[in-house]
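Printed here is work-v5.cif (mmCIF, C-alpha atoms):
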```
data_run
#
loop_
_atom_site.label_atom_id
_atom_site.label_comp_id
_atom_site.auth_asym_id
_atom_site.auth_seq_id
_atom_site.Cartn_x
_atom_site.Cartn_y
_atom_site.Cartn_z
CA MET A 20 -2.62 -25.69 -50.05
CA THR A 21 0.71 -26.02 -48.26
CA PHE A 22 2.34 -29.17 -46.92
CA GLY A 23 1.66 -27.95 -43.36
CA VAL A 24 -2.07 -27.50 -44.02
CA ILE A 25 -2.25 -30.93 -45.63
CA GLY A 26 -0.49 -32.39 -42.57
CA ILE A 27 -2.97 -30.73 -40.22
CA TRP A 28 -5.89 -32.12 -42.25
CA ILE A 29 -4.39 -35.62 -42.13
CA VAL A 30 -3.94 -35.44 -38.35
CA ALA A 31 -7.45 -34.00 -37.87
CA LEU A 32 -9.09 -36.67 -40.03
CA GLY A 33 -7.05 -39.37 -38.28
CA ALA A 34 -8.21 -38.07 -34.91
CA LEU A 35 -11.80 -38.04 -36.17
CA ALA A 36 -11.42 -41.66 -37.31
CA LEU A 37 -10.11 -42.63 -33.86
CA CYS A 38 -13.01 -40.80 -32.20
CA LEU A 39 -15.47 -42.60 -34.49
CA ARG A 40 -13.81 -45.89 -33.64
CA ARG A 41 -14.25 -45.17 -29.95
CA SER A 42 -17.87 -44.06 -30.33
CA PRO A 43 -20.01 -41.95 -32.67
CA VAL A 44 -21.09 -39.98 -29.59
CA VAL A 45 -17.45 -39.08 -28.84
CA ALA A 46 -16.89 -38.04 -32.47
CA ARG A 47 -20.07 -35.94 -32.51
CA ARG A 48 -19.03 -34.21 -29.27
CA ALA A 49 -15.57 -33.46 -30.70
CA VAL A 50 -17.04 -32.02 -33.92
CA VAL A 51 -19.48 -29.86 -31.94
CA ASP A 52 -16.63 -28.62 -29.71
CA ALA A 53 -14.52 -27.80 -32.77
CA GLY A 54 -17.41 -25.94 -34.39
CA SER A 55 -18.01 -24.01 -31.18
CA ALA A 56 -14.35 -23.01 -30.97
CA LEU A 57 -14.36 -21.95 -34.63
CA TRP A 58 -17.48 -19.86 -34.05
CA ARG A 59 -15.73 -18.05 -31.15
CA VAL A 60 -12.52 -17.41 -33.13
CA LEU A 61 -14.15 -16.46 -36.44
CA PRO A 62 -15.13 -12.88 -35.44
CA VAL A 63 -11.57 -12.24 -34.27
CA MET A 64 -10.15 -13.57 -37.53
CA LEU A 65 -12.60 -11.56 -39.61
CA MET A 66 -11.44 -8.33 -37.95
CA ALA A 67 -7.78 -9.09 -37.20
CA LEU A 68 -6.70 -10.19 -40.67
CA PRO A 69 -8.02 -7.11 -42.52
CA MET A 70 -6.82 -4.85 -39.67
CA ALA A 71 -3.30 -6.26 -39.89
CA ALA A 72 -3.31 -5.96 -43.70
CA LEU A 73 -4.52 -2.36 -43.49
CA ILE A 74 -1.91 -1.48 -40.86
CA ALA A 75 0.77 -3.13 -42.99
CA GLU A 76 -0.22 -0.87 -45.90
CA LEU A 77 0.20 2.16 -43.63
CA ILE A 78 3.87 1.40 -42.96
CA PRO A 79 5.70 4.37 -44.48
CA ALA A 80 7.65 3.59 -47.64
CA GLY A 81 11.27 2.86 -46.81
CA TRP A 82 10.68 2.77 -43.05
CA ALA A 83 10.62 -1.02 -42.70
CA GLU A 84 13.61 -1.39 -44.99
CA ALA A 85 15.63 1.28 -43.20
CA TRP A 86 14.99 0.08 -39.65
CA LEU A 87 14.25 -3.62 -40.09
CA GLY A 88 15.63 -4.39 -43.53
CA PRO A 89 18.13 -7.11 -44.39
CA ASP A 90 20.98 -4.58 -44.13
CA SER A 91 19.96 -3.33 -40.66
CA GLY A 92 22.06 -6.09 -39.10
CA VAL A 93 22.25 -6.58 -35.34
CA VAL A 94 20.56 -3.24 -34.65
CA GLY A 95 17.57 -4.31 -36.76
CA VAL A 96 17.42 -7.68 -35.03
CA VAL A 97 17.45 -6.03 -31.57
CA LEU A 98 14.81 -3.47 -32.61
CA ALA A 99 12.64 -6.24 -34.06
CA SER A 100 13.01 -8.28 -30.86
CA LEU A 101 11.87 -5.30 -28.77
CA ALA A 102 9.03 -4.50 -31.17
CA GLY A 103 7.87 -8.11 -31.02
CA GLY A 104 7.83 -7.99 -27.24
CA LEU A 105 5.64 -4.88 -27.36
CA LEU A 106 3.33 -6.17 -30.10
CA PRO A 107 -0.12 -6.83 -28.63
CA GLY A 108 -2.53 -9.46 -29.83
CA GLY A 109 -2.52 -13.01 -30.97
CA PRO A 110 -1.33 -14.80 -34.09
CA PHE A 111 -4.15 -13.37 -36.22
CA VAL A 112 -2.54 -9.96 -35.72
CA ALA A 113 1.16 -10.81 -35.46
CA PHE A 114 1.62 -13.02 -38.52
CA PRO A 115 -0.18 -10.79 -41.05
CA LEU A 116 1.82 -7.84 -39.69
CA VAL A 117 5.06 -9.75 -40.24
CA LEU A 118 3.95 -10.47 -43.80
CA GLY A 119 3.21 -6.75 -44.23
CA PHE A 120 6.65 -5.82 -42.88
CA LEU A 121 8.29 -8.33 -45.25
CA LYS A 122 6.41 -6.84 -48.20
CA ALA A 123 7.50 -3.38 -47.05
CA GLY A 124 11.17 -4.40 -47.11
CA ALA A 125 11.89 -5.87 -43.67
CA GLY A 126 14.47 -8.66 -43.57
CA PRO A 127 13.50 -12.26 -42.84
CA ALA A 128 16.05 -12.55 -40.00
CA GLN A 129 14.61 -9.42 -38.42
CA MET A 130 11.10 -10.86 -38.72
CA VAL A 131 12.25 -14.10 -37.08
CA ALA A 132 13.45 -11.90 -34.20
CA LEU A 133 10.11 -10.02 -34.15
CA ILE A 134 8.01 -13.20 -34.00
CA SER A 135 10.37 -14.66 -31.40
CA GLY A 136 10.11 -11.49 -29.32
CA TRP A 137 6.33 -11.61 -29.60
CA ALA A 138 6.26 -15.28 -28.54
CA ILE A 139 8.87 -15.11 -25.78
CA LEU A 140 8.69 -11.61 -24.32
CA GLY A 141 5.01 -10.68 -24.92
CA LEU A 142 4.56 -7.64 -22.68
CA HIS A 143 0.77 -7.70 -23.02
CA ARG A 144 0.65 -11.29 -21.80
CA THR A 145 3.23 -10.58 -19.11
CA LEU A 146 1.23 -7.68 -17.67
CA ALA A 147 -2.17 -9.35 -17.97
CA TRP A 148 -1.30 -12.84 -16.75
CA GLU A 149 2.19 -13.37 -15.41
CA LEU A 150 2.53 -10.30 -13.19
CA PRO A 151 -0.67 -10.85 -11.18
CA ILE A 152 -0.04 -14.57 -10.80
CA LEU A 153 3.74 -14.89 -10.52
CA GLY A 154 4.79 -11.49 -9.20
CA GLY A 155 7.21 -8.80 -10.29
CA ARG A 156 10.48 -10.39 -9.17
CA PHE A 157 9.80 -13.51 -11.17
CA ILE A 158 8.84 -11.47 -14.23
CA VAL A 159 12.07 -9.46 -14.06
CA LEU A 160 14.07 -12.69 -13.75
CA ARG A 161 12.24 -14.29 -16.70
CA LEU A 162 12.58 -11.24 -18.94
CA LEU A 163 16.27 -10.79 -18.15
CA ALA A 164 16.93 -14.49 -18.74
CA SER A 165 14.97 -14.67 -21.97
CA PHE A 166 15.64 -11.30 -23.64
CA THR A 167 18.59 -12.62 -25.60
CA LEU A 168 16.57 -15.50 -27.08
CA PRO A 169 14.75 -13.48 -29.80
CA VAL A 170 18.03 -11.74 -30.67
CA LEU A 171 19.80 -15.11 -30.94
CA ALA A 172 16.93 -16.44 -33.06
CA GLY A 173 17.26 -13.50 -35.45
CA LEU A 174 21.04 -13.83 -35.68
CA SER A 175 20.74 -17.59 -36.19
CA ALA A 176 18.19 -16.98 -38.95
CA GLU A 177 20.67 -14.63 -40.62
CA LEU A 178 23.25 -17.42 -40.64
CA LEU A 179 20.74 -20.00 -41.89
CA LEU A 180 19.19 -17.77 -44.56
CA PRO A 181 21.51 -18.95 -47.38
CA LEU A 182 20.07 -22.46 -46.88
CA PHE A 183 16.55 -21.15 -47.56
CA PRO A 184 16.56 -19.12 -50.77
CA GLY A 185 13.29 -17.28 -51.35
CA ALA A 186 12.37 -17.35 -47.65
CA THR A 187 11.63 -13.62 -47.65
CA LEU A 188 8.09 -14.06 -48.98
CA ARG A 189 5.74 -16.96 -49.61
#
```

What is this structure when it is put down as structure tokens?
Amino acid sequence: MTFGVIGIWIVALGALALCLRRSPVVARRAVVDAGSALWRVLPVMLMALPMAALIAELIPAGWAEAWLGPDSGVVGVVLASLAGGLLPGGPFVAFPLVLGFLKAGAGPAQMVALISGWAILGLHRTLAWELPILGGRFIVLRLLASFTLPVLAGLSAELLLPLFPGATLR
């Protein structure tokens, strides 16, 4: 169990204690809501995690290292940023894929750029939600203004990498 998971458990149990302090009815409602949310997400997790692991195994040998490896430099960071922006799905797909790319030889700075591109650019989210609600002109403005952010994140990660030895894999 990682420090982050332990922290989440501490916060969750603290919140439960505060709910119990307020009222057992409030705590029961919160636990039921949490269980309901877990029940909705569980089928997605049960399919997305194996799917991402299987896709990661299908990455051709040498491909990730050649295009997104630690020696791919700025070109690899830009490619990873674009790939992240095109990557559909939620965290249950994106994070296992990043782990698969890392195992296949992708560089950690490039994967920082990929995750940042996925989080910031997200074409699937842009087309499904932003375009119908905010309109095309706003989307173009947002994408032009934010495209450099995943690239800067990847390049910053490259500079910070010496401070985090062993950051390539868990």

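Remark: for Val131 (chain A), the closest of the candidate residues A:Ala176, A:Leu105, A:Ala147, A:Val44 is A:Ala176 (distances computed over all atoms listed in the file).
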
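In this model, the gap between CA of Ala132 (chain A) and CA of Gly95 (chain A) comes to 9.0 Å.
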
Could you tell me which residues the PyMOL selection byres ((chain A and resi 133-142) around 8) returns for this structure, as a ChimeraX atom specification? /A:96,99-107,113-114,117,129-132,143-146,162,165-166,168-169,172

From the options A:Pro43, A:Gly173, A:Gly119, A:Gly154, which residue's atoms come nearest to Ala83 (chain A), counting only C-alpha atoms?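 Distance minimum relative to Ala83 (chain A) lands on A:Gly119.
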
Please report the interatomic distance between CA of Glu76 (chain A) and CA of Pro62 (chain A) in Å with one decimal.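 Atom-to-atom, CA of Glu76 (chain A) to CA of Pro62 (chain A), that is 21.8 Å.
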
Hits of the PyMOL selection byres ((chain A and resi 93) around 10) in this structure, as a PyMOL selection string: chain A and resi 87+89-92+94-99+128-129+170-171+173-174+177

Selection near Phe111 (chain A), 10 Å with all atoms listed in the file, sequence-local residues under 6 positions removed, as a ChimeraX atom specification: /A:60,63-71

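Selection result for the displayed file, with the PyMOL selection byres ((chain A and resi 82) around 12) as criterion, is Ala75, Glu76, Leu77, Ile78, Pro79, Ala80, Gly81, Ala83, Glu84, Ala85, Trp86, Leu87, Gly88, Ser91, Gly95, Phe120, Leu121, Lys122, Ala123, Gly124 and Ala125 of chain A.
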
Work out how far CA of Leu182 (chain A) is from CA of Leu118 (chain A), in Å to one decimal. 20.3 Å

First collect every listed atom of region 167-170 of chain A; then fit an axis-aligned box around them, widen it by 5 Å on each side, and give centre and edge lengths in Å to one decimal, as JSON.
```
{"center_x": 16.7, "center_y": -13.6, "center_z": -28.1, "size_x": 13.8, "size_y": 13.8, "size_z": 15.1}
```

Some atoms are missing, so please complete region 22-33 of chain A with all heavy atoms and return it as a CSV table (one decimal), in the coordinates of the input.
```csv
chain,number,residue,atom,x,y,z
A,22,PHE,N,2.1,-27.9,-47.5
A,22,PHE,CA,2.3,-29.2,-46.9
A,22,PHE,C,1.9,-29.2,-45.5
A,22,PHE,O,1.3,-30.2,-45.0
A,22,PHE,CB,3.8,-29.5,-47.0
A,22,PHE,CG,4.2,-30.8,-46.4
A,22,PHE,CD1,3.9,-32.0,-47.0
A,22,PHE,CD2,4.9,-30.8,-45.2
A,22,PHE,CE1,4.3,-33.2,-46.4
A,22,PHE,CE2,5.2,-32.0,-44.6
A,22,PHE,CZ,4.9,-33.2,-45.2
A,23,GLY,N,2.1,-28.1,-44.8
A,23,GLY,CA,1.7,-28.0,-43.4
A,23,GLY,C,0.2,-28.1,-43.2
A,23,GLY,O,-0.3,-28.8,-42.3
A,24,VAL,N,-0.6,-27.4,-44.1
A,24,VAL,CA,-2.1,-27.5,-44.0
A,24,VAL,C,-2.5,-28.9,-44.3
A,24,VAL,O,-3.4,-29.4,-43.6
A,24,VAL,CB,-2.7,-26.5,-45.0
A,24,VAL,CG1,-4.2,-26.7,-45.1
A,24,VAL,CG2,-2.4,-25.1,-44.6
A,25,ILE,N,-1.9,-29.5,-45.3
A,25,ILE,CA,-2.2,-30.9,-45.6
A,25,ILE,C,-2.0,-31.8,-44.4
A,25,ILE,O,-2.8,-32.7,-44.1
A,25,ILE,CB,-1.5,-31.4,-46.9
A,25,ILE,CG1,-2.0,-30.6,-48.1
A,25,ILE,CG2,-1.6,-32.9,-47.1
A,25,ILE,CD1,-1.1,-30.8,-49.4
A,26,GLY,N,-0.8,-31.6,-43.8
A,26,GLY,CA,-0.5,-32.4,-42.6
A,26,GLY,C,-1.5,-32.2,-41.5
A,26,GLY,O,-1.9,-33.2,-40.8
A,27,ILE,N,-2.0,-31.0,-41.3
A,27,ILE,CA,-3.0,-30.7,-40.2
A,27,ILE,C,-4.3,-31.5,-40.6
A,27,ILE,O,-4.9,-32.0,-39.7
A,27,ILE,CB,-3.2,-29.2,-40.0
A,27,ILE,CG1,-1.9,-28.6,-39.4
A,27,ILE,CG2,-4.4,-28.9,-39.2
A,27,ILE,CD1,-1.9,-27.1,-39.4
A,28,TRP,N,-4.7,-31.4,-41.8
A,28,TRP,CA,-5.9,-32.1,-42.2
A,28,TRP,C,-5.8,-33.6,-42.0
A,28,TRP,O,-6.7,-34.3,-41.5
A,28,TRP,CB,-6.2,-31.8,-43.7
A,28,TRP,CG,-7.0,-30.6,-43.9
A,28,TRP,CD1,-6.6,-29.4,-44.3
A,28,TRP,CD2,-8.4,-30.5,-43.6
A,28,TRP,NE1,-7.6,-28.5,-44.4
A,28,TRP,CE2,-8.8,-29.1,-44.0
A,28,TRP,CE3,-9.4,-31.3,-43.2
A,28,TRP,CZ2,-10.1,-28.7,-43.8
A,28,TRP,CZ3,-10.7,-30.8,-43.0
A,28,TRP,CH2,-11.0,-29.5,-43.3
A,29,ILE,N,-4.6,-34.2,-42.3
A,29,ILE,CA,-4.4,-35.6,-42.1
A,29,ILE,C,-4.5,-36.0,-40.7
A,29,ILE,O,-5.2,-36.9,-40.3
A,29,ILE,CB,-3.0,-36.1,-42.7
A,29,ILE,CG1,-3.1,-36.0,-44.3
A,29,ILE,CG2,-2.7,-37.5,-42.3
A,29,ILE,CD1,-1.7,-36.2,-44.9
A,30,VAL,N,-3.9,-35.2,-39.8
A,30,VAL,CA,-3.9,-35.4,-38.4
A,30,VAL,C,-5.4,-35.3,-37.8
A,30,VAL,O,-5.9,-36.1,-37.1
A,30,VAL,CB,-3.0,-34.5,-37.6
A,30,VAL,CG1,-3.2,-34.6,-36.1
A,30,VAL,CG2,-1.5,-34.9,-37.9
A,31,ALA,N,-6.1,-34.2,-38.3
A,31,ALA,CA,-7.4,-34.0,-37.9
A,31,ALA,C,-8.4,-35.1,-38.3
A,31,ALA,O,-9.2,-35.6,-37.5
A,31,ALA,CB,-8.0,-32.7,-38.4
A,32,LEU,N,-8.2,-35.6,-39.5
A,32,LEU,CA,-9.1,-36.7,-40.0
A,32,LEU,C,-8.7,-38.0,-39.3
A,32,LEU,O,-9.6,-38.8,-39.0
A,32,LEU,CB,-9.0,-36.8,-41.6
A,32,LEU,CG,-9.6,-35.6,-42.3
A,32,LEU,CD1,-9.3,-35.8,-43.8
A,32,LEU,CD2,-11.1,-35.5,-42.1
A,33,GLY,N,-7.5,-38.2,-39.0
A,33,GLY,CA,-7.0,-39.4,-38.3
A,33,GLY,C,-7.6,-39.4,-36.9
A,33,GLY,O,-8.1,-40.4,-36.4
```
